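These notes concern the structure reproduced below.
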Amino acid sequence: MRTIDKRLTAKLATVLVKRAPTLTLAFDARCKSRLAATLDNGEEVALVMPRGTVLADGDMLVADDGGFVRVVAAAEDVLVVRAPSVRMLTRAAYHLGNRHTPVEVGAEYLKLEADPVLEDMLKRLGCLVAHESQPFQPETGAYGGGHKHGHDESFSEDYALAQKVYGEHHGHDHSHDHDHSACGHDHSHDHDHDHSQCGHDHDHGHHHHGHDHR
């Protein structure tokens, strides 16, 4: 059995990309650093990547024999969220971010894993929500990985900026500058958590928030 243990950073010639066997994985699997997988040609392989790796559609991987493998993002059940105004879509993104939900951000849409509770929240915010089967590639840049749940070094800064921007656009007297303890999260930067595995906490923090911003 071949072991796939490197992600190629250099650009390969198109002919090599086309010849490479493909590995089709859903988002959860693309977050795992250790995985027994089957290439689309039927070959069994072992995926052994550095902790914290999140593979994206089109990534080229290198096996221990020097062979290449191309990652394909599998279609999965997602909610595609659109809104009649940029403000409404931005507000939806804020509320999803407040629940630490992985979200793919497009020019005119948000995409997230299908979830009935979040679907209801989004509809209450006035968004248009469609169930679709599509590849899912959520934002990972801000925290450098899959699901960091706000425990990395940049979270406090990012959170403060998000609160400031939201406050400037919404003149409500909702006291959005509440301290982090209201969210029920321990922001002590406890790096003992292994967030590289993208473990989903499917209650999405609904029990942590004493307010629903409705």
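Identifiers in the structure tokens: chain A, B, ... in order shown; residue index from 1 per chain; ligand index from 1 in order shown.
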If we count only C-alpha atoms, what is near range 42-53 of chain A at a cut-off of 7 Å, once residues fewer than 6 positions away on the same chain are taken out, given as JSON, numbers by chain? {"A": [1, 2, 3, 4, 5, 6, 31, 33, 34, 35, 36, 145, 196]}
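Around Leu128 in chain A, within 7 Å and counting only C-alpha atoms, the residues found are Val81, Arg82, Ala83 and Lys123 of chain A, once anything fewer than 3 positions away on its own chain is removed.
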Residues within 12 Å of Asp120 in chain A, please, as a PyMOL selection string. Count only C-alpha atoms; anything in the same chain fewer than 5 positions from it doesn't count. chain A and resi 79+81+92+114-115+125-130
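Across A:Arg30, A:Pro135, A:Leu8, A:Val103, the tightest approach to Ala75 in chain A is made by A:Pro135 when counting only C-alpha atoms.
The space between CA of Leu55 in chain A and CA of Asp40 in chain A spans 16.4 Å.
For the atom pair formed by CA of Phe27 in chain A and CA of Ala74 in chain A, the distance is 7.6 Å, given to one decimal.
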Just list the residues in range 43-100 of chain A DSSP gives alpha helix (DSSP H) on the backbone, as a compact mmCIF listing (two decimals) with C-alpha atoms, in the first residue's frame.
# COMPACT_ATOMS: atom_id res chain seq x y z
CA VAL A 86 -25.44 42.65 0.67
CA ARG A 87 -26.26 43.87 4.17
CA MET A 88 -28.53 40.89 4.80
CA LEU A 89 -25.96 38.40 3.51
CA THR A 90 -23.25 40.05 5.63
CA ARG A 91 -25.52 39.85 8.66
CA ALA A 92 -26.05 36.13 7.99
CA ALA A 93 -22.28 35.63 7.75
CA TYR A 94 -21.86 37.40 11.09
CA HIS A 95 -24.35 35.14 12.85
CA LEU A 96 -22.83 32.00 11.33
CA GLY A 97 -19.36 33.16 12.35
CA ASN A 98 -20.62 33.81 15.85
